[in-house]
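To be precise, the following lines are upload.cif, and they hold mmCIF, C-alpha atoms.
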```cif
data_query
loop_
_atom_site.label_atom_id
_atom_site.label_comp_id
_atom_site.auth_asym_id
_atom_site.auth_seq_id
_atom_site.Cartn_x
_atom_site.Cartn_y
_atom_site.Cartn_z
CA MET A 1 5.50 -1.28 93.81
CA LEU A 2 6.68 -4.07 91.60
CA THR A 3 3.17 -4.43 90.25
CA HIS A 4 2.96 -0.71 89.52
CA THR A 5 6.25 -0.75 87.50
CA LYS A 6 5.05 -3.66 85.37
CA CYS A 7 1.78 -1.88 84.75
CA ALA A 8 3.56 1.28 83.61
CA SER A 9 5.73 -0.68 81.12
CA GLN A 10 2.62 -2.29 79.52
CA ARG A 11 0.57 0.87 79.05
CA GLY A 12 -1.06 1.63 75.68
CA PHE A 13 0.04 4.16 73.02
CA THR A 14 -0.13 7.78 73.84
CA LEU A 15 -2.31 10.13 71.80
CA MET A 16 0.79 11.61 70.20
CA GLU A 17 2.04 8.19 69.09
CA VAL A 18 -1.30 7.29 67.54
CA MET A 19 -1.49 10.68 65.79
CA ALA A 20 2.03 10.28 64.43
CA ALA A 21 1.20 6.80 63.12
CA LEU A 22 -1.97 8.08 61.48
CA ALA A 23 -0.10 11.01 59.95
CA ILE A 24 2.49 8.68 58.41
CA LEU A 25 -0.25 6.41 57.08
CA SER A 26 -2.13 9.38 55.62
CA ILE A 27 0.98 10.70 53.89
CA ALA A 28 1.63 7.27 52.36
CA LEU A 29 -1.96 7.03 51.14
CA VAL A 30 -1.94 10.57 49.72
CA ILE A 31 1.25 9.81 47.80
CA LEU A 32 -0.26 6.61 46.42
CA ILE A 33 -3.50 8.27 45.36
CA LYS A 34 -1.63 11.22 43.82
CA SER A 35 0.61 8.97 41.74
CA GLN A 36 -2.40 6.99 40.60
CA THR A 37 -4.25 10.15 39.55
CA GLU A 38 -1.19 11.32 37.66
CA SER A 39 -1.04 7.98 35.85
CA LEU A 40 -4.64 8.42 34.74
CA SER A 41 -4.08 11.96 33.53
CA ASN A 42 -0.95 10.79 31.72
CA VAL A 43 -3.10 8.48 29.60
CA ALA A 44 -5.08 11.47 28.37
CA SER A 45 -1.92 13.56 27.91
CA ILE A 46 -0.25 10.87 25.79
CA SER A 47 -3.31 10.68 23.60
CA ASN A 48 -3.48 14.47 23.20
CA TYR A 49 0.22 14.67 22.42
CA GLU A 50 -0.07 11.94 19.81
CA ARG A 51 -2.93 13.78 18.09
CA ALA A 52 -0.89 16.99 18.13
CA VAL A 53 1.97 15.18 16.38
CA PHE A 54 -0.42 13.97 13.65
CA TYR A 55 -1.88 17.44 13.18
CA THR A 56 1.57 19.05 13.02
CA GLU A 57 2.82 16.54 10.46
CA ASN A 58 -0.31 16.96 8.42
CA ALA A 59 0.08 20.74 8.49
CA LEU A 60 3.57 20.35 7.01
CA HIS A 61 2.20 18.09 4.28
CA TRP A 62 -0.48 20.66 3.47
CA THR A 63 2.15 23.37 3.27
CA PHE A 64 4.21 21.26 0.86
CA LEU A 65 1.09 20.62 -1.19
CA ASP A 66 0.17 24.31 -1.28
CA LEU A 67 3.73 25.40 -2.09
CA ASN A 68 3.98 22.82 -4.89
CA HIS A 69 1.31 24.73 -6.76
CA ALA A 70 1.54 28.26 -5.43
CA GLU A 71 2.40 31.19 -7.66
CA SER A 72 4.25 32.82 -4.79
CA TRP A 73 5.30 31.47 -1.43
CA GLU A 74 4.75 34.78 0.37
CA GLU A 75 1.01 34.24 0.71
CA PHE A 76 1.74 31.20 2.90
CA GLN A 77 4.06 33.07 5.30
CA SER A 78 1.74 32.49 8.22
CA VAL A 79 -1.22 30.16 8.12
CA THR A 80 -3.32 29.31 11.17
CA THR A 81 -5.62 26.31 11.20
CA GLU A 82 -7.76 24.75 13.91
CA GLU A 83 -8.69 21.15 14.57
CA GLU A 84 -11.38 19.60 16.76
CA ASP A 85 -13.37 22.80 17.22
CA GLY A 86 -10.36 24.84 18.18
CA ASP A 87 -8.91 22.40 20.72
CA TYR A 88 -5.75 22.31 18.63
CA VAL A 89 -4.33 25.43 17.00
CA ILE A 90 -1.66 24.92 14.36
CA VAL A 91 0.39 27.86 13.13
CA THR A 92 2.54 27.22 10.07
CA THR A 93 5.12 29.82 9.15
CA VAL A 94 7.23 29.98 6.02
CA GLN A 95 10.38 32.05 6.05
CA GLN A 96 13.03 32.57 3.44
CA ALA A 97 16.30 31.13 4.65
CA ASP A 98 19.39 33.27 4.57
CA MET A 99 21.53 31.87 1.75
CA GLU A 100 24.40 34.34 2.09
CA GLY A 101 27.83 32.83 1.91
CA GLU A 102 26.62 29.96 -0.22
CA GLY A 103 28.52 31.08 -3.34
CA GLU A 104 26.62 31.65 -6.54
CA ILE A 105 23.60 29.53 -5.61
CA GLN A 106 20.48 31.41 -6.54
CA ALA A 107 18.02 28.93 -5.07
CA VAL A 108 15.35 30.08 -2.68
CA MET A 109 15.26 27.88 0.38
CA LEU A 110 12.25 28.12 2.62
CA LYS A 111 12.18 27.18 6.27
CA ILE A 112 8.79 25.82 7.31
CA ILE A 113 7.83 25.65 10.96
CA ALA A 114 4.57 24.07 12.11
CA ALA A 115 3.74 24.67 15.78
CA THR A 116 0.72 23.12 17.46
CA THR A 117 -0.68 24.22 20.82
CA TRP A 118 -3.48 22.61 22.79
CA LYS A 119 -5.04 22.70 26.25
CA ASP A 120 -3.78 19.86 28.40
CA GLY A 121 -5.53 20.16 31.72
CA ARG A 122 -4.24 23.26 33.45
CA HIS A 123 -1.19 23.39 31.21
CA GLU A 124 -0.79 24.20 27.55
CA GLY A 125 0.86 21.57 25.40
CA ASN A 126 2.97 22.49 22.42
CA PHE A 127 4.73 20.59 19.68
CA GLU A 128 6.81 21.95 16.85
CA LEU A 129 8.24 20.54 13.64
CA GLU A 130 10.64 22.29 11.31
CA THR A 131 11.71 21.42 7.81
CA TRP A 132 13.05 22.91 4.59
CA TYR A 133 11.53 23.40 1.18
CA LEU A 134 13.38 24.19 -2.02
CA TRP A 135 11.20 26.77 -3.69
CA GLY A 136 13.25 26.91 -6.87
CA GLN A 137 15.65 29.14 -8.63
CA GLU A 138 15.41 32.89 -8.51
CA LEU A 139 15.25 34.01 -12.11
CA MET B 140 -4.99 -10.43 91.52
CA GLY B 141 -3.77 -6.90 90.59
CA ALA B 142 -1.05 -8.24 88.26
CA GLY B 143 -3.57 -10.60 86.66
CA ALA B 144 -5.90 -7.73 85.87
CA MET B 145 -3.09 -5.81 84.16
CA LYS B 146 -2.34 -8.76 81.83
CA LYS B 147 -5.87 -9.29 80.61
CA ALA B 148 -6.36 -9.81 76.83
CA PHE B 149 -8.16 -7.40 74.43
CA THR B 150 -11.90 -7.18 74.85
CA LEU B 151 -14.22 -8.20 72.01
CA ILE B 152 -15.02 -4.56 71.28
CA GLU B 153 -11.32 -3.66 71.06
CA MET B 154 -10.72 -6.58 68.71
CA MET B 155 -13.69 -5.63 66.50
CA VAL B 156 -12.59 -2.02 66.26
CA ALA B 157 -9.02 -3.09 65.47
CA VAL B 158 -10.15 -5.55 62.80
CA LEU B 159 -12.53 -2.96 61.33
CA LEU B 160 -9.82 -0.31 61.14
CA GLY B 161 -7.38 -2.85 59.70
CA SER B 162 -9.94 -3.86 57.06
CA ILE B 163 -10.59 -0.26 56.04
CA ILE B 164 -6.87 0.40 55.68
CA VAL B 165 -6.35 -2.79 53.63
CA MET B 166 -9.36 -2.02 51.42
CA VAL B 167 -8.28 1.55 50.72
CA THR B 168 -4.74 0.42 49.97
CA ALA B 169 -5.93 -2.43 47.75
CA GLY B 170 -8.30 -0.08 45.90
CA VAL B 171 -5.54 2.42 45.24
CA LEU B 172 -3.17 -0.32 44.08
CA SER B 173 -5.84 -1.86 41.88
CA SER B 174 -6.58 1.50 40.23
CA SER B 175 -2.88 2.07 39.73
CA ILE B 176 -2.53 -1.29 38.01
CA LYS B 177 -5.56 -0.55 35.79
CA ALA B 178 -4.16 2.86 34.91
CA TRP B 179 -0.80 1.28 34.10
CA GLU B 180 -2.49 -1.30 31.86
CA ALA B 181 -4.53 1.44 30.15
CA ILE B 182 -1.34 3.42 29.51
CA GLN B 183 0.36 0.35 28.08
CA ILE B 184 -2.57 -0.38 25.76
CA ARG B 185 -2.78 3.27 24.67
CA VAL B 186 0.97 3.52 24.07
CA SER B 187 0.89 0.28 22.11
CA GLU B 188 -2.09 1.51 20.04
CA ASN B 189 -0.39 4.83 19.37
CA TYR B 190 2.82 3.08 18.41
CA ASN B 191 0.91 0.83 16.02
CA ARG B 192 -0.95 3.77 14.47
CA ARG B 193 2.25 5.70 14.13
CA THR B 194 4.01 2.76 12.47
CA VAL B 195 1.15 2.16 10.01
CA LEU B 196 0.88 5.85 9.14
CA ASP B 197 4.65 6.08 8.64
CA LEU B 198 4.52 3.00 6.46
CA LEU B 199 1.70 4.43 4.34
CA LYS B 200 3.51 7.72 4.14
CA ARG B 201 6.86 6.28 3.14
CA GLN B 202 5.42 3.88 0.61
CA SER B 203 3.14 6.41 -1.05
CA SER B 204 5.90 9.05 -1.01
CA SER B 205 8.06 6.56 -2.90
CA LEU B 206 5.67 6.16 -5.80
CA PHE B 207 7.34 4.93 -8.91
CA ILE B 208 6.22 7.70 -11.22
CA ARG B 209 5.40 6.72 -14.76
CA LYS B 210 6.71 9.13 -17.32
CA PHE B 211 4.51 10.47 -20.05
CA THR B 212 5.81 11.19 -23.50
CA VAL B 213 2.65 13.15 -24.14
CA SER B 214 1.49 15.55 -21.48
CA PRO B 215 -1.39 14.28 -19.41
CA GLY B 216 -4.58 15.50 -20.93
CA GLY B 217 -3.00 15.40 -24.37
CA ASN B 218 -4.70 13.66 -27.23
CA THR B 219 -2.77 10.45 -27.06
CA PRO B 220 -1.70 9.19 -23.67
CA LEU B 221 1.30 6.96 -24.04
CA ASN B 222 2.53 3.88 -22.25
CA THR B 223 -0.65 2.38 -21.05
CA SER B 224 -0.11 0.03 -18.19
CA ASN B 225 -2.53 -2.34 -19.86
CA GLY B 226 0.21 -3.21 -22.33
CA SER B 227 2.51 -6.13 -21.87
CA GLN B 228 4.98 -4.34 -19.64
CA LEU B 229 3.28 -4.72 -16.26
CA PRO B 230 1.97 -8.11 -15.16
CA GLU B 231 -1.80 -8.49 -15.13
CA GLY B 232 -3.46 -6.91 -12.12
CA VAL B 233 -0.57 -4.50 -11.51
CA PHE B 234 -1.09 -0.79 -12.04
CA TYR B 235 1.05 2.32 -11.88
CA PHE B 236 -1.69 4.11 -9.98
CA ARG B 237 -5.30 3.17 -9.58
CA GLY B 238 -7.49 3.58 -6.56
CA ASP B 239 -10.98 4.01 -5.22
CA GLY B 240 -12.54 4.92 -1.88
CA GLN B 241 -11.29 1.91 0.07
CA SER B 242 -8.52 0.36 -1.99
CA ILE B 243 -5.49 1.61 -3.81
CA ASN B 244 -2.96 0.05 -6.18
CA PHE B 245 0.32 1.70 -7.02
CA LEU B 246 3.89 0.97 -7.97
CA SER B 247 6.42 1.85 -5.29
CA THR B 248 10.15 1.62 -4.89
CA VAL B 249 9.84 0.69 -1.21
CA SER B 250 8.94 -2.80 -0.04
CA PHE B 251 8.14 -3.49 3.60
CA LEU B 252 7.20 -7.15 3.56
CA SER B 253 10.27 -8.53 1.81
CA ASP B 254 13.95 -7.85 1.20
CA PHE B 255 13.63 -8.19 -2.54
CA PRO B 256 15.08 -5.08 -4.21
CA GLY B 257 13.35 -3.26 -7.03
CA LYS B 258 9.82 -2.21 -7.76
CA VAL B 259 6.90 -3.44 -5.78
CA ALA B 260 3.23 -3.40 -6.74
CA VAL B 261 1.44 -2.26 -3.60
CA ARG B 262 -2.20 -2.75 -2.84
CA TYR B 263 -4.02 -1.49 0.27
CA TYR B 264 -7.55 -2.60 1.06
CA VAL B 265 -9.80 -3.32 4.02
CA VAL B 266 -11.34 -6.57 5.22
CA GLN B 267 -14.37 -6.65 7.49
CA GLY B 268 -13.75 -8.96 10.45
CA GLN B 269 -11.04 -11.50 11.09
CA PRO B 270 -10.86 -14.89 9.41
CA GLU B 271 -11.24 -18.20 11.27
CA ASP B 272 -8.08 -20.17 11.90
CA ASP B 273 -8.54 -22.21 8.72
CA GLY B 274 -10.42 -19.54 6.77
CA SER B 275 -9.22 -16.96 4.28
CA PHE B 276 -9.70 -13.24 4.79
CA LEU B 277 -10.77 -13.03 1.18
CA ASP B 278 -13.93 -14.97 2.10
CA LEU B 279 -14.94 -12.00 4.25
CA GLU B 280 -16.39 -8.71 3.02
CA ASN B 281 -13.48 -6.74 1.59
CA SER B 282 -12.65 -3.83 -0.69
CA ARG B 283 -10.07 -5.66 -2.78
CA ILE B 284 -10.86 -5.41 -6.49
CA ASP B 285 -9.45 -7.64 -9.19
CA TYR B 286 -9.89 -5.26 -12.07
CA ASP B 287 -10.99 -6.74 -15.34
CA PRO B 288 -8.83 -5.13 -18.06
CA GLU B 289 -11.66 -5.58 -20.54
CA MET B 290 -14.05 -3.50 -18.46
CA ASP B 291 -14.26 0.21 -17.88
CA PHE B 292 -12.46 1.27 -14.68
CA GLU B 293 -15.24 3.46 -13.30
CA SER B 294 -17.79 0.68 -13.60
CA GLN B 295 -15.61 -1.47 -11.32
CA VAL B 296 -14.94 1.14 -8.66
CA GLY B 297 -16.10 0.22 -5.15
CA ASP B 298 -18.47 2.54 -3.33
CA ALA B 299 -16.44 2.72 -0.09
CA ASN B 300 -19.29 1.61 2.10
CA LEU B 301 -17.59 -0.87 4.43
CA GLU B 302 -17.84 0.29 8.04
CA GLY B 303 -17.14 -1.32 11.39
CA GLY B 304 -14.63 -4.01 12.34
CA LEU B 305 -12.33 -3.16 9.43
CA TYR B 306 -8.76 -4.41 9.18
CA LEU B 307 -6.33 -2.69 6.84
CA TYR B 308 -4.36 -5.11 4.67
CA LEU B 309 -1.19 -4.52 2.68
CA GLU B 310 -0.41 -6.73 -0.29
CA GLU B 311 2.95 -6.46 -2.01
CA LYS B 312 3.98 -8.05 -5.28
CA ASN B 313 7.70 -7.87 -5.87
CA LEU B 314 8.31 -7.28 -9.54
CA PHE B 315 11.10 -7.86 -11.95
CA LEU B 316 10.75 -5.30 -14.72
CA SER B 317 12.71 -5.38 -17.95
CA GLU B 318 14.50 -2.23 -18.99
CA ILE B 319 14.73 -0.49 -22.30
CA ASN B 320 16.14 2.81 -23.44
CA ASN B 321 13.51 5.39 -23.88
CA ASP B 322 14.52 6.87 -27.20
CA ASN B 323 11.40 8.84 -27.93
CA GLY B 324 12.92 12.15 -26.95
CA ASP B 325 11.38 12.46 -23.53
CA THR B 326 13.48 14.08 -20.87
CA ASP B 327 14.75 11.68 -18.28
CA LEU B 328 14.54 13.24 -14.84
CA GLY B 329 17.47 11.20 -13.67
CA GLY B 330 15.28 8.91 -11.67
CA GLY B 331 17.18 5.80 -12.76
CA PRO B 332 16.34 3.23 -15.38
CA THR B 333 12.98 3.44 -17.05
CA PRO B 334 10.97 0.25 -16.88
CA ALA B 335 10.04 -1.39 -20.11
CA VAL B 336 6.99 0.22 -21.54
CA THR B 337 5.12 -0.57 -24.62
CA GLY B 338 2.40 1.16 -26.47
CA LEU B 339 2.01 3.86 -29.01
CA ASP B 340 3.63 7.25 -28.79
CA GLY B 341 2.05 10.51 -29.89
CA ASN B 342 2.73 9.72 -33.55
CA GLY B 343 1.20 6.28 -33.38
CA THR B 344 4.61 4.61 -33.52
CA GLU B 345 5.05 1.56 -31.36
CA VAL B 346 7.71 1.90 -28.69
CA GLY B 347 9.13 -0.67 -26.31
CA ASP B 348 9.42 -4.38 -26.78
CA PRO B 349 6.19 -6.28 -26.20
CA GLU B 350 8.21 -9.43 -25.55
CA MET B 351 9.91 -7.92 -22.51
CA SER B 352 7.27 -8.02 -19.90
CA GLY B 353 7.35 -7.68 -16.14
CA GLU B 354 7.21 -10.65 -13.85
CA VAL B 355 5.84 -11.11 -10.33
CA ILE B 356 8.58 -12.65 -8.20
CA ASP B 357 6.71 -13.02 -4.94
CA THR B 358 3.55 -11.90 -3.16
CA HIS B 359 3.19 -11.08 0.53
CA THR B 360 0.11 -9.99 2.44
CA MET B 361 -0.18 -8.67 5.95
CA SER B 362 -2.89 -7.24 8.19
CA LEU B 363 -1.62 -3.89 9.45
CA ILE B 364 -4.12 -2.42 11.87
CA GLY B 365 -7.65 -2.90 13.19
CA PRO B 366 -10.36 -2.89 14.16
CA LEU B 367 -11.24 0.40 12.48
CA ARG B 368 -14.71 1.86 12.13
CA TYR B 369 -13.75 3.33 8.74
CA PHE B 370 -10.79 3.60 6.43
CA GLY B 371 -10.81 5.49 3.15
CA PHE B 372 -8.82 7.23 0.44
CA ARG B 373 -9.38 10.42 -1.51
CA TYR B 374 -7.36 11.81 -4.39
CA ARG B 375 -6.64 15.49 -4.83
CA ILE B 376 -7.41 16.98 -8.20
CA PRO B 377 -4.52 19.07 -9.58
CA GLY B 378 -4.97 22.80 -9.25
CA THR B 379 -3.69 25.82 -7.40
CA HIS B 380 -5.13 26.32 -3.96
CA GLY B 381 -4.91 29.80 -2.49
CA VAL B 382 -4.25 30.40 1.19
CA ASN B 383 -7.71 31.78 1.79
CA GLU B 384 -9.57 29.18 -0.22
CA ALA B 385 -11.45 26.61 1.82
CA ASP B 386 -10.74 23.03 1.00
CA ASP B 387 -13.94 21.34 -0.11
CA GLU B 388 -15.20 18.19 -1.78
CA SER B 389 -14.77 19.66 -5.24
CA ASN B 390 -10.98 19.52 -4.80
CA TRP B 391 -11.09 15.77 -4.29
CA SER B 392 -11.98 12.70 -6.28
CA GLU B 393 -13.27 9.46 -4.77
CA PHE B 394 -11.33 7.38 -7.28
CA TRP B 395 -8.38 7.78 -9.61
CA ASP B 396 -7.02 5.95 -12.61
CA LEU B 397 -3.74 7.02 -14.16
CA ASP B 398 -4.77 5.48 -17.44
CA ALA B 399 -7.62 7.97 -17.70
CA GLY B 400 -4.96 10.44 -18.87
CA ASP B 401 -5.19 13.02 -16.09
CA GLY B 402 -1.76 12.25 -14.67
CA TYR B 403 -1.26 11.68 -10.97
CA PRO B 404 -3.34 13.27 -8.21
CA THR B 405 -1.44 15.99 -6.38
CA ALA B 406 -2.02 14.22 -3.07
CA ILE B 407 -3.55 11.16 -1.49
CA GLU B 408 -5.59 11.48 1.69
CA PHE B 409 -5.91 8.61 4.18
CA THR B 410 -8.74 8.64 6.70
CA PHE B 411 -8.62 6.43 9.78
CA VAL B 412 -11.59 6.26 12.13
CA PHE B 413 -10.67 4.26 15.23
CA GLU B 414 -13.21 2.26 17.18
CA ASN B 415 -11.35 2.50 20.50
CA GLY B 416 -13.73 0.06 22.12
CA ALA B 417 -16.72 2.33 21.43
CA SER B 418 -20.13 0.72 21.20
CA GLU B 419 -21.76 0.14 17.83
CA ASP B 420 -24.26 2.90 18.65
CA THR B 421 -21.55 5.56 18.61
CA ALA B 422 -21.77 7.52 15.39
CA THR B 423 -18.74 7.34 13.11
CA GLU B 424 -18.47 11.15 13.22
CA ASP B 425 -18.02 11.05 17.01
CA LEU B 426 -15.08 8.65 16.93
CA PRO B 427 -11.44 9.75 16.88
CA THR B 428 -10.43 10.40 13.27
CA ILE B 429 -7.07 10.96 11.71
CA ARG B 430 -6.72 12.40 8.23
CA MET B 431 -3.30 12.46 6.67
CA VAL B 432 -2.51 14.14 3.36
CA ILE B 433 0.50 12.88 1.44
CA PRO B 434 1.67 15.02 -1.52
CA VAL B 435 2.54 13.16 -4.73
CA TYR B 436 5.71 14.43 -6.34
CA ASP B 437 5.01 13.80 -9.98
CA GLU B 438 6.92 15.87 -12.50
CA GLU B 439 3.64 17.29 -13.79
CA ASN B 440 2.57 18.23 -10.30
CA LEU B 441 5.71 20.27 -9.71
CA LYS B 442 5.11 22.82 -12.40
CA ARG B 443 4.37 26.19 -10.94
CA GLY B 444 1.11 27.77 -11.82
CA LYS B 445 -0.34 26.52 -15.05
CA ARG B 446 0.81 23.08 -16.05
CA ASP B 447 2.28 24.13 -19.40
CA GLU B 448 4.46 26.80 -17.87
CA LYS B 449 7.95 26.54 -16.44
CA ARG B 450 8.76 23.55 -14.37
CA PHE B 451 9.75 23.52 -10.76
#
```

Using structure tokens, write down the structure that the file contains.
Amino acid sequence: MLTHTKCASQRGFTLMEVMAALAILSIALVILIKSQTESLSNVASISNYERAVFYTENALHWTFLDLNHAESWEEFQSVTTEEEDGDYVIVTTVQQADMEGEGEIQAVMLKIIAATTWKDGRHEGNFELETWYLWGQEL
Amino acid sequence: MGAGAMKKAFTLIEMMVAVLLGSIIVMVTAGVLSSSIKAWEAIQIRVSENYNRRTVLDLLKRQSSSLFIRKFTVSPGGNTPLNTSNGSQLPEGVFYFRGDGQSINFLSTVSFLSDFPGKVAVRYYVVQGQPEDDGSFLDLENSRIDYDPEMDFESQVGDANLEGGLYLYLEEKNLFLSEINNDNGDTDLGGGPTPAVTGLDGNGTEVGDPEMSGEVIDTHTMSLIGPLRYFGFRYRIPGTHGVNEADDESNWSEFWDLDAGDGYPTAIEFTFVFENGASEDTATEDLPTIRMVIPVYDEENLKRGKRDEKRF
């Protein structure tokens, strides 16, 4: 009887215990692998984002350049350009700012918005920059 | 005997299976951790590269946006360009604006390599490779040009053919420029004191004081970024560009000299082609490229429509 009790206390793990241990181990491994995969995809995302920032800034510079010489700003109200075979789409819009309540100022202020969108895996990335441009005085 | 049997140790098979399972678990875990560390390192390198690119582009942008614009008393393209920078006002080798495909010289109001206030003569160029510890980068292939004032500018222009292992260098010469009153009737745009200029005005009358010349206070040089597969400049020819007009080569010049009498370009374009650890066999066109266009805000460039019409 004594022998039997000792034997029972030294028995191996049950199937349930082993399965629970394996499940915990699997969850830990899945979490590790998932975080590692995310890190790798973040490298690509950072790079894509950085390129989008360059393209957006450059689109603003182009708009300034075009407006510096344009006869009228209206033709640049909405300009769409593509980079890298359409991977990045940049839409630049020029709107006349509302100058009401600014006294006798006759200046035309333009609000320029450059918005870039790109495919980032299953998501769509977007980046936007906004600035102002003094078109000149309304004669 | 029964109790002894219950206390027996693991069998060889049990031990082998346990060790095998343990090894697999350790290997998988180590592999995952190793990949994570590599990914982390890659992110750090990429972030650092991006930060460096961003800083250099911002620097280029800020310095070229802060061009010290030379005023003309005769409109560019007129019969007699005034105030040549080959006069005694600017020190030798310093130019208001002169550039070719892989180097550019201009006068800026922003200095990055020193705290000295005032104008700075800026020069950007590329060097192929990195110098030895005791060597000079100027012994390597480079696009830096010491222009000979006696020779024609176009005959000295580089052909922008350096490719691979390029490092972008910035050279700054802090200047002390004398000041005079510009009494030749030109309109001052309110941009502060006019530097001393000498030369002949439209009537052939000498203006400025040839004795008051500029002086180089200090020179600093720094390598900014590299290695690059290619780095180049282009200069936009003044002219109206409609929204539906495609931008093509005819809108750009590979070199520019202010003294040629055409005024300033309306924009400068920088092209960076990064190597990113790509092999030498990778074509330049397949490498990541960044083109940045920086408008030049010269008074002449801000006239709407035709240049002789109303100003901005």

- Selected residue of minimal separation from chain A among B:Gln267, B:Thr405, B:Thr358, B:Asn390, counting only C-alpha atoms: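 Ranking B:Gln267, B:Thr405, B:Thr358, B:Asn390 by distance to chain A, first place goes to B:Thr405.
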
- Message: As a check of understanding, name the residues that the PyMOL selection byres ((chain A) within 7 of (chain B)) selects in the supplied structure, as a list in words.
- Response: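 With the PyMOL selection byres ((chain A) within 7 of (chain B)) on this model, the match is Thr3, Cys7, Leu32, Ile33, Gln36, Ser39, Leu40, Val43, Asn58, His61, Trp62, Leu65, Asp66, Asn68, His69, Ala70, Glu71, Glu75, Phe76 and Gly136 of chain A.
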
- Calculate how many Å separate atom CA of B:Arg368 from atom CA of B:Leu305, rounding to one decimal. 6.2 Å

- One decimal place gives the atom CA of A:Ala59-atom CA of B:Phe370 separation as 20.4 Å

When the PyMOL selection byres ((chain B and resi 248-262) around 7) is applied to the file above, which residues end up in the set, as a short mmCIF file (atom, residue, chain, number, x, y, z; two decimals) with C-alpha atoms, in the frame of the given file?
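As written to disk, out_2.cif reads:
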```cif
data_model
loop_
_atom_site.label_atom_id
_atom_site.label_comp_id
_atom_site.auth_asym_id
_atom_site.auth_seq_id
_atom_site.Cartn_x
_atom_site.Cartn_y
_atom_site.Cartn_z
CA GLN B 202 5.42 3.88 0.61
CA SER B 205 8.06 6.56 -2.90
CA LEU B 206 5.67 6.16 -5.80
CA PHE B 207 7.34 4.93 -8.91
CA VAL B 233 -0.57 -4.50 -11.51
CA ILE B 243 -5.49 1.61 -3.81
CA ASN B 244 -2.96 0.05 -6.18
CA PHE B 245 0.32 1.70 -7.02
CA LEU B 246 3.89 0.97 -7.97
CA SER B 247 6.42 1.85 -5.29
CA TYR B 263 -4.02 -1.49 0.27
CA TYR B 264 -7.55 -2.60 1.06
CA LEU B 309 -1.19 -4.52 2.68
CA GLU B 310 -0.41 -6.73 -0.29
CA GLU B 311 2.95 -6.46 -2.01
CA LYS B 312 3.98 -8.05 -5.28
CA ASN B 313 7.70 -7.87 -5.87
CA LEU B 314 8.31 -7.28 -9.54
CA HIS B 359 3.19 -11.08 0.53
#
```

- Task: Decode the PyMOL selection byres ((chain A and resi 126-128) around 10) for the given file into explicit residues and return them as a list in words.
- Result: Tyr49, Glu50, Ala52, Val53, Tyr55, Thr56, Glu57, Tyr88, Val89, Ile90, Val91, Thr92, Ile113, Ala114, Ala115, Thr116, Thr117, Trp118, Lys119, Asp120, His123, Glu124, Gly125, Leu129 and Glu130 of chain A

Give me a file of those residues, with C-alpha atoms, as a PDB file, keeping the file's coordinate frame.
```pdb
ATOM      1  CA  TYR A  49       0.220  14.670  22.420  1.00  0.00           C
ATOM      2  CA  GLU A  50      -0.070  11.940  19.810  1.00  0.00           C
ATOM      3  CA  ALA A  52      -0.890  16.990  18.130  1.00  0.00           C
ATOM      4  CA  VAL A  53       1.970  15.180  16.380  1.00  0.00           C
ATOM      5  CA  TYR A  55      -1.880  17.440  13.180  1.00  0.00           C
ATOM      6  CA  THR A  56       1.570  19.050  13.020  1.00  0.00           C
ATOM      7  CA  GLU A  57       2.820  16.540  10.460  1.00  0.00           C
ATOM      8  CA  TYR A  88      -5.750  22.310  18.630  1.00  0.00           C
ATOM      9  CA  VAL A  89      -4.330  25.430  17.000  1.00  0.00           C
ATOM     10  CA  ILE A  90      -1.660  24.920  14.360  1.00  0.00           C
ATOM     11  CA  VAL A  91       0.390  27.860  13.130  1.00  0.00           C
ATOM     12  CA  THR A  92       2.540  27.220  10.070  1.00  0.00           C
ATOM     13  CA  ILE A 113       7.830  25.650  10.960  1.00  0.00           C
ATOM     14  CA  ALA A 114       4.570  24.070  12.110  1.00  0.00           C
ATOM     15  CA  ALA A 115       3.740  24.670  15.780  1.00  0.00           C
ATOM     16  CA  THR A 116       0.720  23.120  17.460  1.00  0.00           C
ATOM     17  CA  THR A 117      -0.680  24.220  20.820  1.00  0.00           C
ATOM     18  CA  TRP A 118      -3.480  22.610  22.790  1.00  0.00           C
ATOM     19  CA  LYS A 119      -5.040  22.700  26.250  1.00  0.00           C
ATOM     20  CA  ASP A 120      -3.780  19.860  28.400  1.00  0.00           C
ATOM     21  CA  HIS A 123      -1.190  23.390  31.210  1.00  0.00           C
ATOM     22  CA  GLU A 124      -0.790  24.200  27.550  1.00  0.00           C
ATOM     23  CA  GLY A 125       0.860  21.570  25.400  1.00  0.00           C
ATOM     24  CA  LEU A 129       8.240  20.540  13.640  1.00  0.00           C
ATOM     25  CA  GLU A 130      10.640  22.290  11.310  1.00  0.00           C
TER      26      GLU A 130
END
```
